[in-house]
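Have a look at start.csv; it's CSV, C-alpha atoms:
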chain,number,residue,atom,x,y,z
B,1,MET,CA,-7.2,-31.2,1.5
B,2,LEU,CA,-7.4,-32.3,-2.1
B,3,LYS,CA,-10.7,-30.6,-2.5
B,4,HIS,CA,-9.3,-27.4,-1.1
B,5,GLY,CA,-6.4,-27.6,-3.5
B,6,TYR,CA,-8.7,-28.0,-6.4
B,7,ALA,CA,-10.8,-25.0,-5.3
B,8,MET,CA,-7.6,-22.9,-5.0
B,9,ARG,CA,-6.6,-23.8,-8.5
B,10,GLN,CA,-10.0,-22.8,-9.8
B,11,THR,CA,-9.7,-19.4,-8.0
B,12,VAL,CA,-6.3,-18.9,-9.5
B,13,GLU,CA,-7.6,-19.8,-13.0
B,14,GLN,CA,-10.4,-17.4,-12.5
B,15,LEU,CA,-7.9,-14.8,-11.4
B,16,LEU,CA,-5.8,-15.2,-14.5
B,17,THR,CA,-8.8,-15.0,-16.8
B,18,ASN,CA,-9.6,-11.7,-15.0
B,19,LEU,CA,-6.1,-10.4,-14.8
B,20,TRP,CA,-5.3,-10.9,-18.4
B,21,SER,CA,-8.7,-9.8,-19.7
B,22,ARG,CA,-7.3,-6.3,-19.6
B,23,THR,CA,-4.2,-7.4,-21.4
B,24,ALA,CA,-6.1,-9.6,-23.9
B,25,LEU,CA,-4.1,-12.8,-23.1
B,26,PRO,CA,-5.4,-15.9,-25.0
B,27,VAL,CA,-6.5,-18.9,-22.9
B,28,ALA,CA,-3.5,-21.0,-24.1
B,29,ASP,CA,-1.1,-18.4,-22.8
B,30,GLN,CA,-3.0,-18.2,-19.5
B,31,GLN,CA,-2.7,-21.9,-19.1
B,32,ALA,CA,1.1,-21.8,-19.9
B,33,LEU,CA,1.5,-19.3,-17.2
B,34,LEU,CA,-0.5,-21.3,-14.7
B,35,THR,CA,1.5,-24.4,-15.5
B,36,ALA,CA,4.7,-22.5,-14.8
B,37,ALA,CA,3.4,-21.0,-11.5
B,38,LEU,CA,4.6,-22.1,-8.1
B,39,PRO,CA,2.1,-22.8,-5.3
B,40,THR,CA,0.2,-19.6,-4.1
B,41,ARG,CA,1.5,-17.9,-1.0
B,42,HIS,CA,-1.1,-16.8,1.6
B,43,ALA,CA,0.0,-13.7,3.5
B,44,GLN,CA,-1.4,-12.0,6.6
B,45,LYS,CA,-2.0,-8.3,6.8
B,46,ASP,CA,1.2,-6.3,7.2
B,47,GLU,CA,3.3,-9.3,6.0
B,48,CYS,CA,6.3,-8.4,3.8
B,49,LEU,CA,5.7,-9.9,0.3
B,50,ILE,CA,8.9,-8.5,-1.3
B,51,GLU,CA,11.8,-7.3,0.7
B,52,ALA,CA,13.9,-4.4,-0.7
B,53,GLY,CA,17.3,-5.6,-1.8
B,54,ALA,CA,16.2,-9.3,-2.1
B,55,THR,CA,17.1,-11.1,-5.3
B,56,ILE,CA,14.2,-11.1,-7.7
B,57,ARG,CA,13.3,-14.7,-8.6
B,58,SER,CA,9.6,-14.5,-9.6
B,59,LEU,CA,7.0,-12.4,-11.1
B,60,LEU,CA,4.4,-12.0,-8.4
B,61,ILE,CA,0.7,-11.7,-9.1
B,62,LEU,CA,-1.7,-10.5,-6.4
B,63,CYS,CA,-4.6,-12.9,-6.6
B,64,SER,CA,-6.6,-11.2,-3.9
B,65,GLY,CA,-6.2,-8.5,-1.3
B,66,MET,CA,-4.3,-5.2,-1.4
B,67,ALA,CA,-0.7,-4.3,-1.0
B,68,TYR,CA,1.7,-1.4,-1.2
B,69,ALA,CA,5.3,-0.8,-2.2
B,70,ALA,CA,7.4,1.5,-0.1
B,71,ARG,CA,10.8,3.0,0.4
B,72,THR,CA,12.1,3.8,3.8
B,73,LEU,CA,14.4,6.7,4.2
B,74,LEU,CA,17.4,6.9,6.6
B,75,ASN,CA,15.4,9.1,9.0
B,76,GLY,CA,12.8,6.4,9.3
B,77,SER,CA,10.1,8.2,7.2
B,78,GLN,CA,8.4,6.1,4.6
B,79,GLN,CA,7.1,7.0,1.2
B,80,ILE,CA,4.6,4.7,-0.4
B,81,VAL,CA,5.3,4.5,-4.1
B,82,ALA,CA,2.5,2.2,-5.3
B,83,VAL,CA,-0.7,0.6,-4.2
B,84,PHE,CA,-1.7,-2.7,-5.6
B,85,LEU,CA,-5.2,-4.1,-5.9
B,86,GLY,CA,-6.3,-7.7,-6.6
B,87,GLU,CA,-5.3,-8.9,-10.0
B,88,ASP,CA,-2.3,-6.5,-10.3
B,89,THR,CA,1.2,-7.8,-10.8
B,90,LEU,CA,3.4,-6.7,-8.0
B,91,ASN,CA,6.8,-6.3,-9.8
B,92,PRO,CA,6.5,-6.3,-13.6
B,93,GLY,CA,8.8,-3.3,-13.9
B,94,GLU,CA,11.4,-4.7,-11.5
B,95,LEU,CA,12.0,-8.0,-13.4
B,96,THR,CA,14.8,-6.4,-15.3
B,97,PHE,CA,16.7,-5.7,-12.1
B,98,GLU,CA,18.7,-8.1,-10.0
B,99,ASN,CA,17.4,-6.9,-6.7
B,100,SER,CA,14.1,-5.5,-5.6
B,101,LEU,CA,14.1,-1.7,-5.3
B,102,THR,CA,11.2,-1.4,-2.9
B,103,SER,CA,9.6,-3.4,-0.2
B,104,VAL,CA,6.0,-4.6,-0.7
B,105,TYR,CA,3.7,-5.2,2.2
B,106,ALA,CA,0.2,-6.7,2.4
B,107,LEU,CA,-2.5,-4.2,3.4
B,108,THR,CA,-5.0,-7.0,3.9
B,109,THR,CA,-4.8,-10.8,4.0
B,110,ALA,CA,-3.5,-11.6,0.5
B,111,VAL,CA,-2.9,-14.4,-1.9
B,112,VAL,CA,0.1,-14.1,-4.2
B,113,LEU,CA,0.9,-16.3,-7.2
B,114,PRO,CA,4.7,-16.5,-8.1
B,115,ILE,CA,5.8,-17.3,-11.6
B,116,PRO,CA,9.5,-18.1,-11.5
B,117,LEU,CA,11.7,-16.1,-13.9
B,118,SER,CA,13.4,-19.3,-15.0
B,119,ALA,CA,10.1,-20.4,-16.4
B,120,LEU,CA,8.8,-16.9,-17.4
B,121,TYR,CA,11.7,-15.9,-19.7
B,122,PRO,CA,11.3,-18.9,-22.1
B,123,LEU,CA,7.5,-18.3,-22.0
B,124,ILE,CA,8.0,-14.6,-23.1
B,125,VAL,CA,10.2,-15.8,-26.0
B,126,ASP,CA,7.8,-18.6,-27.1
B,127,ARG,CA,4.6,-16.6,-26.5
B,128,PRO,CA,5.0,-12.9,-27.5
B,129,THR,CA,1.5,-12.1,-26.1
B,130,ILE,CA,2.8,-12.8,-22.6
B,131,GLY,CA,5.6,-10.3,-23.2
B,132,ARG,CA,3.0,-7.7,-24.4
B,133,ALA,CA,0.8,-8.4,-21.4
B,134,LEU,CA,3.8,-7.6,-19.1
B,135,TRP,CA,4.5,-4.5,-21.2
B,136,LEU,CA,0.9,-3.3,-20.7
B,137,GLU,CA,1.1,-3.9,-17.0
B,138,THR,CA,4.3,-2.0,-16.7
B,139,ALA,CA,2.9,0.9,-18.8
B,140,THR,CA,-0.3,1.0,-16.7
B,141,GLN,CA,1.7,1.2,-13.5
B,142,ALA,CA,4.0,3.9,-15.0
B,143,ALA,CA,1.0,6.0,-15.9
B,144,ILE,CA,-0.3,5.7,-12.4
B,145,GLN,CA,3.0,6.7,-10.9
B,146,GLN,CA,3.3,9.6,-13.3
B,147,GLU,CA,-0.1,10.9,-12.0
B,148,TRP,CA,1.3,10.5,-8.4
B,149,MET,CA,4.3,12.5,-9.4
B,150,VAL,CA,2.0,15.3,-10.7
B,151,GLY,CA,0.1,15.2,-7.4
B,152,LEU,CA,3.2,15.3,-5.2
B,153,GLY,CA,4.7,18.1,-7.2
B,154,ARG,CA,1.8,20.3,-8.1
B,155,ARG,CA,-1.5,19.5,-6.4
B,156,THR,CA,-2.7,20.9,-3.1
B,157,ALA,CA,-3.3,18.5,-0.2
B,158,GLN,CA,-7.0,18.4,-0.9
B,159,GLN,CA,-6.6,17.7,-4.7
B,160,ARG,CA,-4.0,15.1,-4.0
B,161,LEU,CA,-6.1,13.2,-1.5
B,162,ALA,CA,-9.2,13.5,-3.7
B,163,HIS,CA,-7.3,12.3,-6.7
B,164,PHE,CA,-5.9,9.3,-4.9
B,165,LEU,CA,-9.4,8.3,-3.7
B,166,CYS,CA,-10.7,8.7,-7.3
B,167,GLU,CA,-7.9,6.6,-8.6
B,168,VAL,CA,-8.3,3.7,-6.1
B,169,SER,CA,-12.1,3.7,-6.4
B,170,PHE,CA,-11.9,3.7,-10.2
B,171,ARG,CA,-9.4,0.8,-10.2
B,172,LEU,CA,-11.5,-1.2,-7.7
B,173,GLN,CA,-14.4,-0.6,-10.0
B,174,LEU,CA,-12.5,-1.9,-13.0
B,175,SER,CA,-11.4,-5.0,-11.2
B,176,SER,CA,-14.8,-5.8,-9.7
B,177,ARG,CA,-16.4,-4.9,-13.1
B,178,ASP,CA,-19.2,-3.2,-11.2
B,179,ASP,CA,-20.3,0.3,-10.8
B,180,LEU,CA,-20.2,0.3,-7.0
B,181,ASP,CA,-19.8,3.4,-4.9
B,182,ALA,CA,-18.6,1.8,-1.7
B,183,PHE,CA,-15.4,-0.2,-1.3
B,184,GLU,CA,-13.2,-1.9,1.2
B,185,PHE,CA,-10.5,0.6,1.9
B,186,PRO,CA,-7.8,-0.8,4.2
B,187,LEU,CA,-5.3,2.2,4.1
B,188,THR,CA,-5.0,4.0,7.4
B,189,GLN,CA,-4.7,7.8,7.6
B,190,SER,CA,-1.1,7.4,8.4
B,191,GLU,CA,-0.6,5.2,5.3
B,192,LEU,CA,-2.5,7.7,3.2
B,193,GLY,CA,-0.1,10.3,4.5
B,194,ASP,CA,2.9,8.2,3.5
B,195,ALA,CA,1.5,7.9,0.0
B,196,LEU,CA,0.6,11.5,-0.4
B,197,GLY,CA,3.6,13.1,1.4
B,198,LEU,CA,1.4,14.6,4.1
B,199,SER,CA,1.4,14.4,7.9
B,200,THR,CA,-1.4,12.2,9.4
B,201,VAL,CA,-3.1,15.1,11.1
B,202,HIS,CA,-3.2,17.0,7.8
B,203,VAL,CA,-4.8,13.9,6.1
B,204,ASN,CA,-7.3,13.8,8.9
B,205,ARG,CA,-8.1,17.5,8.3
B,206,VAL,CA,-8.5,17.1,4.5
B,207,LEU,CA,-10.7,14.0,5.0
B,208,GLN,CA,-12.9,16.1,7.3
B,209,VAL,CA,-13.2,18.8,4.7
B,210,LEU,CA,-14.2,16.3,1.9
B,211,ARG,CA,-16.7,14.7,4.4
B,212,SER,CA,-18.2,18.1,5.3
B,213,HIS,CA,-18.7,18.8,1.6
B,214,GLU,CA,-20.5,15.4,1.4
B,215,LEU,CA,-18.2,14.1,-1.2
B,216,ILE,CA,-17.1,11.0,0.6
B,217,GLU,CA,-17.6,8.9,3.7
B,218,LEU,CA,-14.6,7.0,5.1
B,219,SER,CA,-15.0,4.9,8.1
B,220,ARG,CA,-14.1,1.4,9.4
B,221,ASN,CA,-12.0,0.5,6.4
B,222,ARG,CA,-14.9,1.4,4.1
B,223,LEU,CA,-14.8,4.2,1.5
B,224,MET,CA,-18.0,5.5,0.1
B,225,ILE,CA,-18.1,8.0,-2.7
B,226,ARG,CA,-21.2,10.1,-2.1
B,227,ASN,CA,-20.7,12.6,-4.9
B,228,LYS,CA,-18.6,11.2,-7.7
B,229,THR,CA,-18.9,14.2,-10.0
B,230,GLY,CA,-18.0,16.6,-7.3
B,231,LEU,CA,-15.0,14.5,-6.2
B,232,TYR,CA,-13.8,14.1,-9.8
B,233,GLU,CA,-14.1,17.9,-10.3
B,234,ILE,CA,-12.0,18.8,-7.2
B,235,ALA,CA,-9.4,16.2,-8.1
B,236,GLU,CA,-9.4,17.1,-11.8
B,237,PHE,CA,-9.6,13.4,-12.3
B,238,ASP,CA,-9.6,12.0,-15.9
B,239,SER,CA,-9.8,8.2,-15.9
B,240,ARG,CA,-8.2,7.7,-19.3
B,241,TYR,CA,-4.8,6.9,-18.0
B,242,LEU,CA,-6.2,3.9,-16.2
B,243,GLN,CA,-7.7,2.4,-19.3
B,244,SER,CA,-4.8,1.5,-21.5
B,245,VAL,CA,-5.3,0.8,-25.1
B,246,GLN,CA,-4.8,-2.9,-26.1
B,247,PHE,CA,-2.7,-3.9,-29.0
B,248,SER,CA,-5.7,-5.5,-30.7
B,249,ASP,CA,-7.4,-2.1,-30.7
B,250,ARG,CA,-4.6,-0.7,-32.8
B,251,GLY,CA,-4.9,-3.4,-35.4
B,252,VAL,CA,-1.7,-5.1,-34.3
B,253,ALA,CA,-2.1,-8.9,-34.1
O,1,MET,CA,-3.2,3.3,22.1
O,2,PRO,CA,-5.1,6.4,22.8
O,3,ARG,CA,-7.2,8.3,20.3
O,4,PHE,CA,-6.7,12.1,20.0
O,5,PHE,CA,-8.9,14.7,18.3
O,6,PHE,CA,-7.5,17.6,16.4
O,7,HIS,CA,-9.7,20.7,16.2
O,8,PHE,CA,-8.6,23.4,13.8
O,9,ILE,CA,-8.9,27.1,14.7
O,10,SER,CA,-8.9,29.5,11.8
O,11,GLN,CA,-10.1,33.1,11.9
O,12,ASN,CA,-11.7,32.5,15.3
O,13,GLN,CA,-13.7,29.6,13.9
O,14,VAL,CA,-13.3,26.1,15.2
O,15,THR,CA,-13.6,23.1,12.9
O,16,THR,CA,-14.2,20.1,15.2
O,17,ASP,CA,-12.7,16.7,14.5
O,18,ASP,CA,-15.2,14.1,15.4
O,19,VAL,CA,-13.2,11.1,14.1
O,20,GLY,CA,-9.8,11.5,15.7
O,21,LEU,CA,-6.6,9.6,15.2
O,22,ILE,CA,-4.7,7.0,17.1
O,23,PHE,CA,-1.2,7.9,18.2
O,24,PRO,CA,1.2,6.0,20.6
O,25,SER,CA,1.5,9.1,22.8
O,26,LEU,CA,0.7,12.8,23.1
O,27,GLU,CA,4.3,13.6,22.0
O,28,ALA,CA,3.7,11.7,18.7
O,29,ALA,CA,0.4,13.5,18.3
O,30,TYR,CA,2.0,16.9,19.0
O,31,LEU,CA,4.9,16.3,16.5
O,32,ASP,CA,2.6,15.2,13.7
O,33,SER,CA,0.4,18.3,14.5
O,34,CYS,CA,3.5,20.5,14.1
O,35,ASP,CA,4.1,18.9,10.6
O,36,ALA,CA,0.5,19.5,9.7
O,37,ALA,CA,0.6,23.1,10.9
O,38,LEU,CA,3.6,23.7,8.7
O,39,GLU,CA,2.1,22.0,5.7
O,40,ILE,CA,-1.2,23.9,6.1
O,41,SER,CA,0.6,27.2,6.7
O,42,ILE,CA,2.5,26.8,3.4
O,43,GLU,CA,-0.7,26.1,1.5
O,44,ARG,CA,-2.4,29.1,3.1
O,45,LEU,CA,0.6,31.4,2.3
O,46,ARG,CA,0.5,30.2,-1.3
O,47,ALA,CA,-3.2,31.2,-1.5
O,48,ARG,CA,-2.1,34.6,0.0
O,49,ASP,CA,-3.9,33.8,3.3
O,50,ASP,CA,-2.5,34.6,6.7
O,51,PRO,CA,-2.0,31.5,8.9
O,52,THR,CA,-0.5,33.4,11.9
O,53,ASN,CA,-3.8,33.4,13.8
O,54,ASP,CA,-4.5,29.7,13.1
O,55,GLY,CA,-3.9,26.8,15.5
O,56,ILE,CA,-4.5,23.2,16.3
O,57,GLU,CA,-6.1,22.0,19.5
O,58,ILE,CA,-5.4,18.4,20.6
O,59,ALA,CA,-8.1,16.9,22.8
O,60,ASP,CA,-8.6,13.5,24.4
O,61,GLU,CA,-11.5,11.1,24.1
O,62,ASP,CA,-13.4,12.9,27.0
O,63,GLY,CA,-13.1,16.2,25.1
O,64,ARG,CA,-10.5,17.6,27.4
O,65,THR,CA,-8.0,20.0,25.7
O,66,LEU,CA,-4.5,18.6,26.1
O,67,MET,CA,-2.5,21.0,24.1
O,68,HIS,CA,-2.9,24.1,21.9
O,69,ILE,CA,-0.4,24.6,19.1
O,70,PRO,CA,-0.5,28.1,17.5
O,71,PHE,CA,0.8,28.0,13.9
O,72,THR,CA,3.3,30.7,14.8
O,73,GLU,CA,5.1,28.1,16.9
O,74,VAL,CA,6.2,26.3,13.8
O,75,LEU,CA,6.6,29.4,11.7
O,76,ARG,CA,9.4,30.7,13.9
O,77,PRO,CA,12.0,28.0,13.8
O,78,GLY,CA,14.0,27.6,17.0
O,79,LYS,CA,16.0,24.9,18.6
O,80,LYS,CA,14.6,21.4,18.8
O,81,SER,CA,12.1,21.0,21.7
O,82,ASN,CA,12.5,18.4,24.4
O,83,ILE,CA,9.4,16.7,23.1
O,84,GLN,CA,11.1,16.2,19.7
O,85,ALA,CA,14.3,14.7,21.3
O,86,LYS,CA,12.2,12.3,23.4
O,87,TYR,CA,10.2,11.3,20.4
O,88,THR,CA,13.3,10.6,18.3
O,89,THR,CA,14.6,8.3,21.0
O,90,SER,CA,11.3,6.5,21.3
O,91,GLN,CA,11.3,6.0,17.5
O,92,ALA,CA,14.8,4.5,17.6
O,93,ILE,CA,13.7,2.1,20.3
O,94,GLN,CA,10.7,1.1,18.3
O,95,ALA,CA,12.9,0.5,15.2
O,96,CYS,CA,15.2,-1.8,17.4
O,97,ARG,CA,12.2,-3.7,18.6
O,98,ARG,CA,11.0,-4.3,15.1
O,99,GLN,CA,14.4,-5.5,14.1
O,100,MET,CA,14.5,-7.9,17.1
O,101,LEU,CA,11.1,-9.3,16.2
O,102,ARG,CA,12.3,-9.8,12.6
O,103,SER,CA,15.5,-11.6,13.8
O,104,ASP,CA,13.3,-13.9,16.0
O,105,THR,CA,11.1,-14.8,13.0
O,106,LEU,CA,14.1,-15.4,10.8
O,107,ARG,CA,15.8,-17.6,13.5
O,108,SER,CA,12.7,-19.7,14.0
O,109,GLU,CA,12.3,-20.1,10.2
O,110,LEU,CA,16.0,-21.2,10.0
O,111,GLN,CA,15.4,-23.7,12.8
O,112,ALA,CA,12.4,-25.1,11.0
O,113,GLU,CA,14.5,-25.5,7.8
O,114,PHE,CA,17.2,-27.2,9.8
O,115,GLU,CA,14.8,-29.6,11.4
O,116,LYS,CA,13.4,-30.4,7.9
O,117,THR,CA,16.9,-31.0,6.5
O,118,ARG,CA,17.8,-33.2,9.5
O,119,SER,CA,14.7,-35.4,9.2
O,120,ALA,CA,15.3,-35.7,5.4
O,121,PHE,CA,18.9,-36.7,6.1
O,122,GLN,CA,17.8,-39.3,8.7
O,123,SER,CA,15.3,-40.9,6.3
O,124,ILE,CA,18.1,-41.0,3.6
O,125,GLN,CA,20.4,-42.7,6.1
O,126,ALA,CA,17.7,-45.2,7.1
O,127,LYS,CA,17.1,-46.0,3.4
O,128,LEU,CA,20.9,-46.4,2.8
O,129,ALA,CA,21.1,-48.8,5.7
O,130,ILE,CA,18.4,-50.9,4.2
O,131,LEU,CA,20.2,-50.8,0.8
O,132,LYS,CA,23.4,-51.9,2.5
O,133,ALA,CA,21.7,-54.8,4.2
O,134,GLY,CA,20.8,-55.9,0.7
O,135,ARG,CA,17.1,-55.9,1.0
O,136,TRP,CA,14.4,-53.5,-0.1
O,137,PRO,CA,10.9,-53.7,1.3
O,138,ASN,CA,8.2,-54.0,-1.3

Would you give me this structure, written as structure tokens?
Amino acid sequence: MLKHGYAMRQTVEQLLTNLWSRTALPVADQQALLTAALPTRHAQKDECLIEAGATIRSLLILCSGMAYAARTLLNGSQQIVAVFLGEDTLNPGELTFENSLTSVYALTTAVVLPIPLSALYPLIVDRPTIGRALWLETATQAAIQQEWMVGLGRRTAQQRLAHFLCEVSFRLQLSSRDDLDAFEFPLTQSELGDALGLSTVHVNRVLQVLRSHELIELSRNRLMIRNKTGLYEIAEFDSRYLQSVQFSDRGVA
Amino acid sequence: MPRFFFHFISQNQVTTDDVGLIFPSLEAAYLDSCDAALEISIERLRARDDPTNDGIEIADEDGRTLMHIPFTEVLRPGKKSNIQAKYTTSQAIQACRRQMLRSDTLRSELQAEFEKTRSAFQSIQAKLAILKAGRWPN
């Protein structure tokens, strides 16, 4: 039991090192966050991690697994508004609200690390780099959502789906720090439809077209990019919005 | 739940679906196909193509055709079909089931919390009794 607890803590520390590598958070700040964190929560696939309307008490960091945020409309239809991968924060932009605006569900088994706001706020005051890290997280998520908005408003179904696959595979590559072409991809076609504003049958049709052009292969929760250049071209995908500039790059200490 | 296959017919050419999708019923598959037909028609019209001869064929796992949906069916809006009404009802029932399941989970969570509180309370009472008796076990 003790051994397991130790192993868990190590995973969490590893995670934070990874998570904040993109936000350039010094080790001392990582430690301060870890000390403030509550025990990790282990969730099953489809489990609700954040309920819309619930009081926001913690910043949640997704240690492993995938999740999505969604809004359900009165007619029962659902719009997925964000997809989170391992090492993403689940609610950095919502911390300034009293209640959660969206529901977040686990797409796979997931481990979540909560950092209570009561501990986070003093940390942000004492350690400005933590505040900046949250700012970067929020900005990155806003950039992704802006790109989704462009897709929903202006792209064809094929471009939209292709762009989404480019985005998710690129982000998975960033977090795995590996130039892989095949990934675990737990979203069903129905969930893809909910993210892209398309019917499931339409998603199925577009996937068939992308497959027949030998751009991708999607089967059994696995996405393989067979022709990255071709897929990027169709999607007009430019990865710069996923690689935010760090403060240190701008000469700001 | 059954798997359905959605073959697309456009300009007398059939694009075969060899992957398929799982739907709870043929009604659900039909309604989603209608949405798809509308979405694809709009995209084709935007590209100045004519979708009026296109259609979707729904087949089962044995390759039997279950339904044919010409795009014109969705391009000429009429009153809601029976299938749609039936589907709306079944969706409402499903939503109720989900809520009931959720209430059950919440109730059992509450019960567990209550049990925890009660046992904590009992142990406090026991300790108080020891204190009152004026002795404390080392």

Using only C-alpha atoms, which residues sit within 12 Å of segment 203-210 of chain B once same-chain residues fewer than 5 positions away are excluded, as a ChimeraX atom specification?
/B:156-165,187-198,215-219,223-228,230-232,234-235 /O:4-9,15-22,32-33,35-37,39-40,56

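Residue list for chain B within 7 Å of chain O: Ser199, Thr200, Val201 and His202 of chain B, counting all atoms listed in the file.
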
With a distance cut-off of 9 Å and only C-alpha atoms, select the neighbouring residues of segment 36-49 of chain B, excluding the residue or stretch itself and same-chain residues fewer than 2 positions from it, and output the selection as a JSON list (two decimals) with C-alpha atoms, in the frame of the given file.
[["chain", "number", "residue", "atom", "x", "y", "z"],
["B", 8, "MET", "CA", -7.60, -22.90, -5.00],
["B", 12, "VAL", "CA", -6.30, -18.90, -9.50],
["B", 31, "GLN", "CA", -2.70, -21.90, -19.10],
["B", 32, "ALA", "CA", 1.10, -21.80, -19.90],
["B", 33, "LEU", "CA", 1.50, -19.30, -17.20],
["B", 34, "LEU", "CA", -0.50, -21.30, -14.70],
["B", 51, "GLU", "CA", 11.80, -7.30, 0.70],
["B", 63, "CYS", "CA", -4.60, -12.90, -6.60],
["B", 67, "ALA", "CA", -0.70, -4.30, -1.00],
["B", 103, "SER", "CA", 9.60, -3.40, -0.20],
["B", 104, "VAL", "CA", 6.00, -4.60, -0.70],
["B", 105, "TYR", "CA", 3.70, -5.20, 2.20],
["B", 106, "ALA", "CA", 0.20, -6.70, 2.40],
["B", 107, "LEU", "CA", -2.50, -4.20, 3.40],
["B", 108, "THR", "CA", -5.00, -7.00, 3.90],
["B", 109, "THR", "CA", -4.80, -10.80, 4.00],
["B", 110, "ALA", "CA", -3.50, -11.60, 0.50],
["B", 111, "VAL", "CA", -2.90, -14.40, -1.90],
["B", 112, "VAL", "CA", 0.10, -14.10, -4.20],
["B", 113, "LEU", "CA", 0.90, -16.30, -7.20],
["B", 114, "PRO", "CA", 4.70, -16.50, -8.10],
["B", 115, "ILE", "CA", 5.80, -17.30, -11.60],
["B", 116, "PRO", "CA", 9.50, -18.10, -11.50],
["B", 119, "ALA", "CA", 10.10, -20.40, -16.40],
["B", 120, "LEU", "CA", 8.80, -16.90, -17.40],
["B", 123, "LEU", "CA", 7.50, -18.30, -22.00]]

One-decimal distance in Å that lies between atom CA of Cys166 of chain B and atom CA of Leu101 of chain B
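According to the coordinates, atom CA of Leu101 of chain B and atom CA of Cys166 of chain B are separated by 27.0 Å.
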
Which residue gives the smallest distance to Cys96 of chain O among B:Ala70, B:Gly76, B:Thr140, B:Leu62, with all atoms listed in the file counted?
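Checking each candidate against Cys96 of chain O, we get B:Gly76 as the closest.
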
Counting only C-alpha atoms, what is within 12 Å of Ser10 of chain O, bar same-chain residues fewer than 6 positions away, as a list of chain:residue names?
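Neighbouring residues, sequence-local ones excluded: O:Thr16, O:Ala37, O:Ile40, O:Ser41, O:Arg44, O:Asp49, O:Asp50, O:Pro51, O:Thr52, O:Asn53, O:Asp54, O:Gly55, O:Ile56, O:Glu57, O:Pro70, O:Phe71.
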
Which distance in Å separates atom CA of Ile93 of chain O and atom CA of Thr72 of chain B, to one decimal?
16.7 Å

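From atom CA of Arg171 of chain B back to atom CA of Arg211 of chain B, the distance works out to 21.4 Å.
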
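With distances taken over all atoms listed in the file, O:Leu66 is the one residue among O:Ala47, O:Ile42, O:Leu106, O:Leu66 lying closest to Glu27 of chain O.
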
Which of these residues is nearest to Ala52 of chain B, using all atoms listed in the file: B:Ile80, B:Ile130, B:Ser100, B:Asn221?
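Comparing B:Ile80, B:Ile130, B:Ser100, B:Asn221 against Ala52 of chain B, the winner is B:Ser100.
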
Using only C-alpha atoms, which residue out of O:Ala133, O:Arg3, O:Arg98, O:Tyr87 lies closest to Asp60 of chain O?
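Among the listed residues, O:Arg3 lies closest to Asp60 of chain O.
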
N, CA and C atoms modelled onto segment 142-153 of chain B, as a compact mmCIF listing (two decimals), in the coordinates of the input:
# COMPACT_ATOMS: atom_id res chain seq x y z
N ALA B 142 3.26 2.62 -14.75
CA ALA B 142 4.00 3.90 -15.00
C ALA B 142 3.09 5.05 -15.08
N ALA B 143 1.95 4.85 -15.76
CA ALA B 143 1.00 6.00 -15.90
C ALA B 143 0.45 6.38 -14.55
N ILE B 144 0.18 5.40 -13.70
CA ILE B 144 -0.30 5.70 -12.40
C ILE B 144 0.73 6.48 -11.57
N GLN B 145 1.98 6.02 -11.66
CA GLN B 145 3.00 6.70 -10.90
C GLN B 145 3.29 8.10 -11.41
N GLN B 146 3.12 8.29 -12.73
CA GLN B 146 3.30 9.60 -13.30
C GLN B 146 2.24 10.58 -12.71
N GLU B 147 1.02 10.05 -12.58
CA GLU B 147 -0.10 10.90 -12.00
C GLU B 147 0.24 11.20 -10.54
N TRP B 148 0.85 10.25 -9.81
CA TRP B 148 1.30 10.50 -8.40
C TRP B 148 2.31 11.60 -8.38
N MET B 149 3.21 11.56 -9.36
CA MET B 149 4.30 12.50 -9.40
C MET B 149 3.70 13.94 -9.59
N VAL B 150 2.72 14.04 -10.49
CA VAL B 150 2.00 15.30 -10.70
C VAL B 150 1.40 15.79 -9.39
N GLY B 151 0.78 14.86 -8.70
CA GLY B 151 0.10 15.20 -7.40
C GLY B 151 1.09 15.68 -6.39
N LEU B 152 2.19 14.92 -6.23
CA LEU B 152 3.20 15.30 -5.20
C LEU B 152 3.85 16.60 -5.51
N GLY B 153 4.00 16.86 -6.81
CA GLY B 153 4.70 18.10 -7.20
C GLY B 153 3.84 19.30 -7.26
